[in-house]
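A.B. asks: Got a file for you: work.cif, mmCIF, C-alpha atoms and all ligand atoms.
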data_model
loop_
_atom_site.label_atom_id
_atom_site.label_comp_id
_atom_site.auth_asym_id
_atom_site.auth_seq_id
_atom_site.Cartn_x
_atom_site.Cartn_y
_atom_site.Cartn_z
CA MET A 1272 9.98 125.56 116.60
CA GLY A 1273 7.58 122.70 115.97
CA GLN A 1274 5.52 122.32 112.85
CA ILE A 1275 1.85 123.09 113.29
CA ILE A 1276 -0.62 120.39 112.26
CA ASP A 1277 -3.40 122.40 110.66
CA GLY A 1278 -6.57 120.58 111.68
CA LYS A 1279 -8.82 123.04 109.94
CA MET A 1280 -7.12 122.50 106.59
CA MET A 1281 -6.96 118.72 107.01
CA ALA A 1282 -10.63 118.66 107.98
CA GLN A 1283 -11.56 120.67 104.90
CA GLY A 1284 -9.86 118.07 102.71
CA ILE A 1285 -11.89 115.31 104.37
CA ARG A 1286 -15.10 117.31 104.06
CA ASP A 1287 -14.48 117.75 100.34
CA GLU A 1288 -14.03 113.98 100.03
CA VAL A 1289 -17.23 113.33 102.00
CA ALA A 1290 -19.14 115.80 99.82
CA LYS A 1291 -18.01 113.85 96.75
CA GLY A 1292 -19.01 110.58 98.40
CA VAL A 1293 -22.46 111.94 99.23
CA LYS A 1294 -23.04 112.95 95.61
CA GLU A 1295 -21.93 109.54 94.40
CA LEU A 1296 -24.22 107.73 96.84
CA GLN A 1297 -27.13 109.87 95.67
CA ARG A 1298 -26.34 109.23 92.03
CA LYS A 1299 -25.76 105.48 92.31
CA MET A 1300 -28.23 104.48 95.03
CA GLY A 1301 -30.59 107.43 95.43
CA ILE A 1302 -29.61 107.63 99.11
CA THR A 1303 -28.97 110.87 100.98
CA PRO A 1304 -27.14 110.24 104.27
CA LYS A 1305 -29.00 111.46 107.33
CA LEU A 1306 -27.70 112.17 110.82
CA SER A 1307 -30.04 112.58 113.77
CA VAL A 1308 -28.61 114.42 116.75
CA VAL A 1309 -30.37 114.19 120.10
CA LEU A 1310 -29.73 117.17 122.37
CA VAL A 1311 -31.17 117.01 125.88
CA GLY A 1312 -31.25 120.17 127.99
CA GLY A 1313 -29.56 123.50 127.44
CA ASP A 1314 -25.85 122.96 128.13
CA ALA A 1315 -24.12 125.95 126.52
CA GLY A 1316 -21.13 124.02 125.16
CA SER A 1317 -23.37 121.32 123.71
CA GLN A 1318 -25.51 123.92 121.92
CA VAL A 1319 -22.40 125.23 120.16
CA TYR A 1320 -21.15 121.74 119.24
CA VAL A 1321 -24.55 120.72 117.88
CA ARG A 1322 -24.90 123.86 115.79
CA ASN A 1323 -21.43 123.25 114.33
CA LYS A 1324 -22.40 119.67 113.47
CA GLU A 1325 -25.59 120.86 111.74
CA LYS A 1326 -23.67 123.40 109.68
CA ALA A 1327 -21.00 120.88 108.72
CA CYS A 1328 -23.63 118.35 107.59
CA ALA A 1329 -25.38 120.93 105.43
CA GLU A 1330 -22.10 121.89 103.79
CA VAL A 1331 -21.39 118.35 102.55
CA GLY A 1332 -24.97 117.49 101.60
CA ILE A 1333 -25.79 115.27 104.59
CA THR A 1334 -29.33 115.76 105.89
CA SER A 1335 -29.34 116.44 109.60
CA GLU A 1336 -32.02 116.90 112.19
CA THR A 1337 -31.57 117.92 115.80
CA ILE A 1338 -34.12 116.58 118.23
CA ARG A 1339 -34.13 119.00 121.15
CA LEU A 1340 -35.57 117.57 124.34
CA ASP A 1341 -36.24 119.11 127.71
CA ALA A 1342 -33.82 118.27 130.53
CA SER A 1343 -36.80 116.97 132.52
CA ILE A 1344 -37.44 114.11 130.05
CA LYS A 1345 -37.70 110.66 131.63
CA GLU A 1346 -35.00 108.17 130.73
CA LYS A 1347 -37.48 105.70 129.27
CA ASP A 1348 -38.93 108.41 127.02
CA LEU A 1349 -35.45 109.37 125.83
CA ILE A 1350 -34.75 105.71 125.08
CA GLY A 1351 -38.07 105.67 123.21
CA VAL A 1352 -36.81 108.50 121.00
CA VAL A 1353 -33.58 106.58 120.34
CA ASN A 1354 -35.53 103.42 119.47
CA LYS A 1355 -37.67 105.29 116.97
CA LEU A 1356 -34.50 106.53 115.27
CA ASN A 1357 -33.12 102.97 115.27
CA GLU A 1358 -36.19 101.82 113.37
CA ASP A 1359 -36.29 104.73 110.91
CA SER A 1360 -34.62 103.48 107.72
CA LYS A 1361 -34.11 107.08 106.55
CA VAL A 1362 -31.81 107.74 109.54
CA HIS A 1363 -28.28 106.39 109.05
CA GLY A 1364 -26.44 107.94 111.99
CA ILE A 1365 -27.55 108.67 115.55
CA LEU A 1366 -25.62 110.87 117.96
CA VAL A 1367 -26.75 111.60 121.51
CA GLN A 1368 -24.89 114.71 122.57
CA LEU A 1369 -23.05 114.31 125.86
CA PRO A 1370 -23.06 115.12 128.70
CA LEU A 1371 -26.67 114.27 129.49
CA PRO A 1372 -28.40 116.23 132.26
CA LYS A 1373 -28.27 114.81 135.79
CA GLY A 1374 -30.59 111.87 136.40
CA LEU A 1375 -30.22 110.41 132.90
CA SER A 1376 -27.84 107.47 132.57
CA GLU A 1377 -25.47 107.84 129.64
CA LEU A 1378 -24.81 104.13 129.88
CA ASN A 1379 -28.49 103.17 129.52
CA VAL A 1380 -29.12 105.63 126.72
CA LEU A 1381 -26.02 104.81 124.65
CA ASN A 1382 -26.66 101.07 125.09
CA ASN A 1383 -29.92 101.52 123.21
CA ILE A 1384 -28.43 103.01 120.03
CA ASP A 1385 -28.21 100.51 117.16
CA PRO A 1386 -24.43 99.86 116.93
CA LYS A 1387 -24.69 100.10 113.14
CA LYS A 1388 -26.02 103.66 113.48
CA ASP A 1389 -23.64 104.60 116.31
CA VAL A 1390 -21.54 107.09 114.32
CA ASP A 1391 -20.01 108.28 117.61
CA GLY A 1392 -18.53 104.81 118.25
CA LEU A 1393 -19.61 104.85 121.90
CA HIS A 1394 -21.93 101.82 122.03
CA PRO A 1395 -20.46 98.95 124.07
CA VAL A 1396 -20.45 96.72 120.97
CA ASN A 1397 -18.30 99.23 119.11
CA MET A 1398 -16.04 99.88 122.10
CA GLY A 1399 -15.79 96.13 122.72
CA LYS A 1400 -14.89 95.42 119.10
CA LEU A 1401 -12.26 98.15 119.27
CA LEU A 1402 -10.78 96.64 122.43
CA LYS A 1403 -10.69 93.15 120.89
CA GLY A 1404 -9.26 94.38 117.58
CA GLU A 1405 -12.33 93.08 115.75
CA GLY A 1406 -12.98 96.18 113.67
CA PRO A 1407 -15.85 98.18 115.15
CA TYR A 1408 -18.62 99.53 112.91
CA PHE A 1409 -17.43 103.02 113.91
CA LEU A 1410 -14.50 104.53 115.76
CA PRO A 1411 -15.11 107.43 118.16
CA CYS A 1412 -14.66 110.65 116.19
CA THR A 1413 -12.07 112.49 118.27
CA PRO A 1414 -9.44 109.74 118.60
CA GLN A 1415 -10.07 108.80 114.96
CA GLY A 1416 -9.30 112.40 113.99
CA VAL A 1417 -6.18 112.38 116.16
CA MET A 1418 -4.91 109.23 114.42
CA GLU A 1419 -5.35 110.94 111.04
CA MET A 1420 -3.33 113.88 112.33
CA LEU A 1421 -0.56 111.62 113.60
CA LEU A 1422 -0.44 109.73 110.30
CA SER A 1423 -0.24 113.05 108.41
CA THR A 1424 3.16 113.74 110.01
CA GLY A 1425 4.60 110.64 108.33
CA VAL A 1426 6.28 109.73 111.63
CA GLU A 1427 6.16 106.00 112.37
CA ILE A 1428 4.05 105.18 115.44
CA LYS A 1429 5.36 101.61 115.86
CA GLY A 1430 7.59 101.27 118.91
CA LYS A 1431 7.11 104.85 120.07
CA ASN A 1432 6.17 105.79 123.61
CA ALA A 1433 2.69 107.28 123.45
CA VAL A 1434 1.37 109.02 126.55
CA VAL A 1435 -2.35 109.73 126.77
CA VAL A 1436 -3.38 112.14 129.50
CA GLY A 1437 -7.04 111.51 130.31
CA ARG A 1438 -9.06 108.30 130.60
CA SER A 1439 -12.53 109.26 129.37
CA ASN A 1440 -14.62 106.77 127.42
CA ILE A 1441 -15.00 109.30 124.63
CA VAL A 1442 -11.30 110.13 124.12
CA GLY A 1443 -8.63 108.76 126.46
CA LYS A 1444 -9.53 105.06 126.52
CA PRO A 1445 -10.26 104.59 122.80
CA MET A 1446 -7.23 106.75 121.96
CA ALA A 1447 -4.96 104.45 123.95
CA ILE A 1448 -6.36 101.35 122.23
CA MET A 1449 -5.97 102.88 118.78
CA LEU A 1450 -2.34 103.79 119.49
CA LEU A 1451 -1.77 100.26 120.77
CA GLU A 1452 -3.22 98.90 117.50
CA LYS A 1453 -0.49 100.87 115.73
CA HIS A 1454 2.10 99.20 117.99
CA ALA A 1455 2.92 102.15 120.23
CA THR A 1456 3.90 101.52 123.85
CA VAL A 1457 1.03 103.27 125.57
CA THR A 1458 0.78 104.91 128.98
CA ILE A 1459 -2.56 106.25 130.19
CA CYS A 1460 -2.27 109.04 132.77
CA HIS A 1461 -5.00 110.66 134.82
CA SER A 1462 -5.67 112.84 137.84
CA ARG A 1463 -4.21 110.29 140.28
CA THR A 1464 -1.00 109.70 138.35
CA ASN A 1465 2.14 110.19 140.46
CA ASP A 1466 4.52 112.70 138.89
CA LEU A 1467 2.53 113.49 135.78
CA PRO A 1468 5.23 115.78 134.33
CA ALA A 1469 7.75 112.92 134.39
CA GLU A 1470 5.28 110.55 132.67
CA CYS A 1471 4.55 113.15 130.00
CA ARG A 1472 8.28 113.66 129.37
CA ARG A 1473 8.56 109.99 128.31
CA GLY A 1474 6.13 110.51 125.44
CA ASP A 1475 7.37 110.57 121.86
CA ILE A 1476 3.68 111.14 121.23
CA LEU A 1477 1.71 113.08 123.83
CA VAL A 1478 -2.08 113.32 123.64
CA ALA A 1479 -3.69 115.70 126.12
CA ALA A 1480 -7.38 115.17 126.86
CA VAL A 1481 -7.99 116.32 130.42
CA GLY A 1482 -10.02 119.52 130.14
CA ARG A 1483 -7.66 121.70 132.16
CA PRO A 1484 -6.54 124.90 130.47
CA LYS A 1485 -2.81 125.04 129.64
CA MET A 1486 -1.98 122.38 132.22
CA ILE A 1487 0.80 120.78 130.20
CA LYS A 1488 3.87 123.00 130.25
CA GLY A 1489 6.81 123.19 127.88
CA ASN A 1490 9.13 121.44 130.32
CA TRP A 1491 6.73 118.45 130.53
CA ILE A 1492 7.39 117.69 126.89
CA LYS A 1493 10.12 115.48 125.49
CA PRO A 1494 12.14 117.46 122.94
CA GLY A 1495 10.96 116.48 119.46
CA ALA A 1496 7.70 114.92 120.65
CA ILE A 1497 4.47 115.11 118.67
CA VAL A 1498 1.95 116.96 120.82
CA ILE A 1499 -1.78 116.57 120.20
CA ASP A 1500 -4.06 118.84 122.20
CA VAL A 1501 -7.64 117.61 122.50
CA GLY A 1502 -8.54 120.24 125.14
CA MET A 1503 -11.37 122.68 124.45
CA ASN A 1504 -11.51 125.01 127.43
CA ARG A 1505 -13.72 128.06 127.07
CA LEU A 1506 -12.21 130.96 129.04
CA ASP A 1507 -13.22 134.63 129.02
CA THR A 1508 -10.15 135.20 126.87
CA GLY A 1509 -11.26 132.58 124.30
CA LEU A 1510 -10.79 128.90 123.58
CA VAL A 1511 -7.60 127.29 124.95
CA GLY A 1512 -6.30 123.75 124.97
CA ASP A 1513 -4.86 121.56 127.72
CA VAL A 1514 -1.34 122.36 126.52
CA ASP A 1515 0.51 125.63 127.03
CA PHE A 1516 0.91 126.12 123.30
CA GLU A 1517 3.41 128.99 123.39
CA GLU A 1518 5.81 126.99 125.54
CA ALA A 1519 5.15 123.61 123.96
CA LYS A 1520 5.66 124.69 120.35
CA GLU A 1521 9.30 125.51 121.16
CA VAL A 1522 9.94 121.91 122.26
CA ALA A 1523 7.68 119.77 120.06
CA SER A 1524 8.44 118.53 116.53
CA TYR A 1525 4.75 118.75 115.61
CA ILE A 1526 1.91 120.30 117.55
CA THR A 1527 -1.81 120.89 117.09
CA PRO A 1528 -3.23 124.34 117.87
CA VAL A 1529 -6.47 125.18 119.69
CA PRO A 1530 -8.66 126.28 118.00
CA LYS A 1531 -8.23 124.91 114.46
CA GLY A 1532 -6.68 121.68 115.62
CA VAL A 1533 -8.43 118.52 116.77
CA GLY A 1534 -11.91 120.14 116.96
CA PRO A 1535 -12.51 120.45 113.21
CA MET A 1536 -11.15 116.93 112.70
CA THR A 1537 -13.71 115.50 115.15
CA ILE A 1538 -16.54 116.94 113.08
CA ALA A 1539 -14.96 115.77 109.82
CA MET A 1540 -14.81 112.21 111.20
CA LEU A 1541 -18.47 112.39 112.20
CA LEU A 1542 -19.35 113.31 108.61
CA LYS A 1543 -17.18 110.49 107.32
CA ASN A 1544 -18.80 107.98 109.68
CA THR A 1545 -22.29 109.14 108.67
CA LEU A 1546 -21.45 108.68 104.99
CA THR A 1547 -20.08 105.21 105.80
CA ALA A 1548 -23.28 104.33 107.68
CA ALA A 1549 -25.44 105.41 104.73
CA GLY A 1550 -23.22 103.52 102.30
CA ARG A 1551 -23.70 100.30 104.25
CA ALA A 1552 -27.46 100.74 104.59
N1 LIG B 1601 -19.74 115.95 123.75
C1 LIG B 1601 -18.51 116.43 123.50
N2 LIG B 1601 -17.93 115.77 122.50
C2 LIG B 1601 -18.82 114.84 122.09
C3 LIG B 1601 -18.81 113.84 121.08
O1 LIG B 1601 -17.84 113.64 120.33
N3 LIG B 1601 -19.92 113.08 120.99
C4 LIG B 1601 -20.99 113.24 121.80
N4 LIG B 1601 -22.02 112.45 121.63
N5 LIG B 1601 -21.04 114.15 122.74
C5 LIG B 1601 -19.96 114.94 122.88
#
Represent the structure from my file as structure tokens, please.

C.D. replies:
Amino acid sequence: MGQIIDGKMMAQGIRDEVAKGVKELQRKMGITPKLSVVLVGGDAGSQVYVRNKEKACAEVGITSETIRLDASIKEKDLIGVVNKLNEDSKVHGILVQLPLPKGLSELNVLNNIDPKKDVDGLHPVNMGKLLKGEGPYFLPCTPQGVMEMLLSTGVEIKGKNAVVVGRSNIVGKPMAIMLLEKHATVTICHSRTNDLPAECRRGDILVAAVGRPKMIKGNWIKPGAIVIDVGMNRLDTGLVGDVDFEEAKEVASYITPVPKGVGPMTIAMLLKNTLTAAGRA
């Protein structure tokens, strides 16, 4: 049976480090890091994520505010809110919770965040710097958390076949680039991939980020692979990942659970990025 990568425990270690860093920044510079979260509309999942982010900030001493806006807000007014946060020297990190309601362009809104406050790493400047290997101001939180989990296994990434299932801007694409930076041979799969099980079976490292409950079966996994499950699917029976955990854990060398896997690491990386932003300010 594979070893479980305990994201909750790893995240706690990072949160402790961030809490120390916050205290130090306050002592040396008199600065308290502040994160502003913009939440538009009433998406149920987003409400939960945002509440978790607020709680996590409070726990490590980061000031957070959530600006809740009606789904009917005009795009230019939303951009106005973002611009005010850009100009506010007390705000170090800005996060616009996604998805935005219909009619609001994520592209236009994210493009207006100051890249130096873009703790989500989703601004084109940050994504472009990542793609070019130039060192972005911030890496997107989820793939950054996944990399920490991979490194924690002590398994060398160089030369391995890494298969990323999912091509979102928020996870799949940056994940693939970050694995490439570590010299993996990377395959990106998606809904149009021919013979997805066969592609998955080539992965020494398999990252699942598709949003389909338990899609990836035990017999899709190369024996001894490291399996990272980014899926967060809310079913009546509870939260499940994209990987059939019970099957997969029998085949994998290391595997992340859902819950208590990648999710807590994403939040820990957001805290870390916010501390970094405040430290640079
Ligand atoms: N929605 C789901 N995950 C995320 C995230 O990491 N950042 C933002 N901004 N929105 C999300």

A.B. asks: Within 7 Å of (-18.3, 98.4, 117.3) in the file's own coordinates, which protein, DNA or RNA residues have an atom, counting all atoms listed in the file? List them as a PyMOL selection string.

C.D. replies: chain A and resi 1386+1392+1394+1396-1401+1406-1409

A.B. asks: Which is closer to A:Thr1424 than all the others in A:Ile1497, A:Ala1342, A:Ala1548, A:Val1319, using all atoms listed in the file?

C.D. replies: A:Ile1497

A.B. asks: Using all atoms listed in the file, which protein or nucleic acid residues come within 7 Å of stretch 1364-1375 of chain A? Drop anything in the same chain fewer than 4 positions from it, and give the result as a list in words.

C.D. replies: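 After dropping sequence-adjacent residues, the list is Lys1305, Leu1306, Ser1307, Val1308, Val1309, Leu1310, Val1311, Gly1312, Ser1317, Ala1342, Glu1346, Lys1388, Asp1389, Val1390, Asp1391, Thr1545 and Ala1548 of chain A.
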
A.B. asks: Store the residues picked out above, limited to C-alpha atoms, as a tab-separated table (two decimals), in the frame of the given file.

C.D. replies:
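Dumped everything to part-v1.tsv:
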chain	number	residue	atom	x	y	z
A	1305	LYS	CA	-29.00	111.46	107.33
A	1306	LEU	CA	-27.70	112.17	110.82
A	1307	SER	CA	-30.04	112.58	113.77
A	1308	VAL	CA	-28.61	114.42	116.75
A	1309	VAL	CA	-30.37	114.19	120.10
A	1310	LEU	CA	-29.73	117.17	122.37
A	1311	VAL	CA	-31.17	117.01	125.88
A	1312	GLY	CA	-31.25	120.17	127.99
A	1317	SER	CA	-23.37	121.32	123.71
A	1342	ALA	CA	-33.82	118.27	130.53
A	1346	GLU	CA	-35.00	108.17	130.73
A	1388	LYS	CA	-26.02	103.66	113.48
A	1389	ASP	CA	-23.64	104.60	116.31
A	1390	VAL	CA	-21.54	107.09	114.32
A	1391	ASP	CA	-20.01	108.28	117.61
A	1545	THR	CA	-22.29	109.14	108.67
A	1548	ALA	CA	-23.28	104.33	107.68

A.B. asks: Which residue out of A:Val1289, A:Ala1519, A:Leu1410, A:Ala1282 has the minimum interatomic distance to A:Met1446 when all atoms listed in the file are used?

C.D. replies: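 Of A:Val1289, A:Ala1519, A:Leu1410, A:Ala1282, the one nearest A:Met1446 is A:Leu1410, counting all atoms listed in the file.
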
A.B. asks: Could you tell me how far atom CA of A:Cys1471 lies from atom CA of A:Val1436, in Å and to one decimal?

C.D. replies: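 Atom CA of A:Val1436 lies at a distance of 8.0 Å from atom CA of A:Cys1471.
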
A.B. asks: Within 12 Å of stretch 1501-1508 of chain A, which residues of stretch 1379-1484 of chain A show up? Give each one with its shortest atom-to-atom distance in Å (one decimal) and the two atoms involved, counting all atoms listed in the file, rows by chain then rising residue number, as JSON lines.

C.D. replies:
{"residue": "A:Cys1412", "atom": "CA", "partner": "A:Val1501", "partner_atom": "CA", "distance": 11.7}
{"residue": "A:Thr1413", "atom": "CA", "partner": "A:Val1501", "partner_atom": "CA", "distance": 8.0}
{"residue": "A:Pro1414", "atom": "CA", "partner": "A:Val1501", "partner_atom": "CA", "distance": 9.0}
{"residue": "A:Gln1415", "atom": "CA", "partner": "A:Val1501", "partner_atom": "CA", "distance": 11.8}
{"residue": "A:Gly1416", "atom": "CA", "partner": "A:Val1501", "partner_atom": "CA", "distance": 10.1}
{"residue": "A:Val1417", "atom": "CA", "partner": "A:Val1501", "partner_atom": "CA", "distance": 8.3}
{"residue": "A:Met1418", "atom": "CA", "partner": "A:Val1501", "partner_atom": "CA", "distance": 12.0}
{"residue": "A:Met1420", "atom": "CA", "partner": "A:Val1501", "partner_atom": "CA", "distance": 11.7}
{"residue": "A:Val1435", "atom": "CA", "partner": "A:Val1501", "partner_atom": "CA", "distance": 10.4}
{"residue": "A:Val1436", "atom": "CA", "partner": "A:Val1501", "partner_atom": "CA", "distance": 9.9}
{"residue": "A:Gly1437", "atom": "CA", "partner": "A:Val1501", "partner_atom": "CA", "distance": 9.9}
{"residue": "A:Ser1439", "atom": "CA", "partner": "A:Val1501", "partner_atom": "CA", "distance": 11.9}
{"residue": "A:Ile1441", "atom": "CA", "partner": "A:Val1501", "partner_atom": "CA", "distance": 11.3}
{"residue": "A:Val1442", "atom": "CA", "partner": "A:Val1501", "partner_atom": "CA", "distance": 8.5}
{"residue": "A:Gly1443", "atom": "CA", "partner": "A:Val1501", "partner_atom": "CA", "distance": 9.7}
{"residue": "A:Met1446", "atom": "CA", "partner": "A:Val1501", "partner_atom": "CA", "distance": 10.9}
{"residue": "A:Leu1477", "atom": "CA", "partner": "A:Val1501", "partner_atom": "CA", "distance": 10.5}
{"residue": "A:Val1478", "atom": "CA", "partner": "A:Val1501", "partner_atom": "CA", "distance": 7.1}
{"residue": "A:Ala1479", "atom": "CA", "partner": "A:Val1501", "partner_atom": "CA", "distance": 5.7}
{"residue": "A:Ala1480", "atom": "CA", "partner": "A:Val1501", "partner_atom": "CA", "distance": 5.0}
{"residue": "A:Val1481", "atom": "CA", "partner": "A:Gly1502", "partner_atom": "CA", "distance": 6.6}
{"residue": "A:Gly1482", "atom": "CA", "partner": "A:Gly1502", "partner_atom": "CA", "distance": 5.3}
{"residue": "A:Arg1483", "atom": "CA", "partner": "A:Asn1504", "partner_atom": "CA", "distance": 6.9}
{"residue": "A:Pro1484", "atom": "CA", "partner": "A:Asn1504", "partner_atom": "CA", "distance": 5.8}

A.B. asks: Could you work out how far atom N4 of ligand LIG 1601 (chain B) lies from atom CA of A:Val1529, giving the answer in Å with one decimal?

C.D. replies: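 Between these atoms lies a distance of 20.2 Å.
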
A.B. asks: For a cut-off of 10 Å around (-2.4, 103.5, 118.2), file coordinates, pick out all residues using only C-alpha atoms and list them as a list in words.

C.D. replies: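 Taken together, the residues in range are Pro1414, Gln1415, Val1417, Met1418, Leu1421, Ile1428, Lys1429, Lys1431, Ala1433, Pro1445, Met1446, Ala1447, Ile1448, Met1449, Leu1450, Leu1451, Glu1452, Lys1453, His1454, Ala1455, Thr1456 and Val1457 of chain A.
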
A.B. asks: For atom CA of A:Asp1513 and atom CA of A:Asn1544, quote the distance in Å rounded to one decimal.

C.D. replies: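 A separation of 26.5 Å between them.
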
A.B. asks: Which of these residues is nearest to ligand LIG 1601 (chain B), using only C-alpha atoms and all ligand atoms: A:Val1293, A:Ile1499, A:Met1540, A:Ile1276?

C.D. replies: A:Met1540

A.B. asks: Nearest residue to ligand LIG 1601 (chain B) out of A:Asn1357, A:Thr1537, A:Thr1303, A:Asn1383, using only C-alpha atoms and all ligand atoms?

C.D. replies: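 The answer is A:Thr1537, which sits nearest to ligand LIG 1601 (chain B).
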
A.B. asks: Of the candidates A:Glu1330, A:Glu1325, A:Glu1377, A:Glu1336, which one gets nearest to ligand LIG 1601 (chain B) if we count all atoms listed in the file?

C.D. replies: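 When distances to ligand LIG 1601 (chain B) are compared using all atoms listed in the file, the smallest one comes from A:Glu1377.
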
A.B. asks: Check the smallest atom-to-atom distance from each of A:Val1498, A:Ile1538, A:Met1272, A:Val1380 to ligand LIG 1601 (chain B) using only C-alpha atoms and all ligand atoms, then report the winner.

C.D. replies: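 With only C-alpha atoms and all ligand atoms as the atom set, the closest residue is A:Ile1538.
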
A.B. asks: Taking all atoms of ligand LIG 1601 (chain B) that appear in the file, build a box with edges along x, y and z, extend it by 6 Å on every side, and state its centre and edge lengths in Å to one decimal, as JSON.

C.D. replies:
{"center_x": -19.9, "center_y": 114.4, "center_z": 122.0, "size_x": 16.2, "size_y": 16.0, "size_z": 15.4}

A.B. asks: Output stretch 1429-1443 of chain A with N, CA and C atoms present, as an mmCIF file, in the frame of the given file.

C.D. replies:
data_model
loop_
_atom_site.group_PDB
_atom_site.id
_atom_site.type_symbol
_atom_site.label_atom_id
_atom_site.label_comp_id
_atom_site.auth_asym_id
_atom_site.auth_seq_id
_atom_site.Cartn_x
_atom_site.Cartn_y
_atom_site.Cartn_z
ATOM 1 N N LYS A 1429 4.862 102.894 115.331
ATOM 2 C CA LYS A 1429 5.360 101.610 115.860
ATOM 3 C C LYS A 1429 6.566 101.798 116.780
ATOM 4 N N GLY A 1430 6.464 101.242 117.983
ATOM 5 C CA GLY A 1430 7.590 101.270 118.910
ATOM 6 C C GLY A 1430 7.743 102.554 119.713
ATOM 7 N N LYS A 1431 6.978 103.577 119.356
ATOM 8 C CA LYS A 1431 7.110 104.850 120.070
ATOM 9 C C LYS A 1431 6.418 104.778 121.442
ATOM 10 N N ASN A 1432 6.895 105.620 122.350
ATOM 11 C CA ASN A 1432 6.170 105.790 123.610
ATOM 12 C C ASN A 1432 5.057 106.805 123.386
ATOM 13 N N ALA A 1433 3.831 106.364 123.579
ATOM 14 C CA ALA A 1433 2.690 107.280 123.450
ATOM 15 C C ALA A 1433 2.095 107.472 124.843
ATOM 16 N N VAL A 1434 1.948 108.709 125.243
ATOM 17 C CA VAL A 1434 1.370 109.020 126.550
ATOM 18 C C VAL A 1434 0.034 109.728 126.321
ATOM 19 N N VAL A 1435 -1.020 109.139 126.877
ATOM 20 C CA VAL A 1435 -2.350 109.730 126.770
ATOM 21 C C VAL A 1435 -2.705 110.273 128.145
ATOM 22 N N VAL A 1436 -2.989 111.550 128.224
ATOM 23 C CA VAL A 1436 -3.380 112.140 129.500
ATOM 24 C C VAL A 1436 -4.895 112.312 129.481
ATOM 25 N N GLY A 1437 -5.577 111.522 130.307
ATOM 26 C CA GLY A 1437 -7.040 111.510 130.310
ATOM 27 C C GLY A 1437 -7.539 110.111 130.013
ATOM 28 N N ARG A 1438 -8.577 109.687 130.736
ATOM 29 C CA ARG A 1438 -9.060 108.300 130.600
ATOM 30 C C ARG A 1438 -10.556 108.251 130.355
ATOM 31 N N SER A 1439 -11.080 109.245 129.655
ATOM 32 C CA SER A 1439 -12.530 109.260 129.370
ATOM 33 C C SER A 1439 -12.871 108.159 128.368
ATOM 34 N N ASN A 1440 -14.147 107.761 128.393
ATOM 35 C CA ASN A 1440 -14.620 106.770 127.420
ATOM 36 C C ASN A 1440 -14.638 107.345 126.013
ATOM 37 N N ILE A 1441 -14.798 108.654 125.937
ATOM 38 C CA ILE A 1441 -15.000 109.300 124.630
ATOM 39 C C ILE A 1441 -13.663 109.600 123.940
ATOM 40 N N VAL A 1442 -12.601 109.828 124.726
ATOM 41 C CA VAL A 1442 -11.300 110.130 124.120
ATOM 42 C C VAL A 1442 -10.169 109.251 124.654
ATOM 43 N N GLY A 1443 -9.847 109.374 125.927
ATOM 44 C CA GLY A 1443 -8.630 108.760 126.460
ATOM 45 C C GLY A 1443 -8.539 107.255 126.240
#
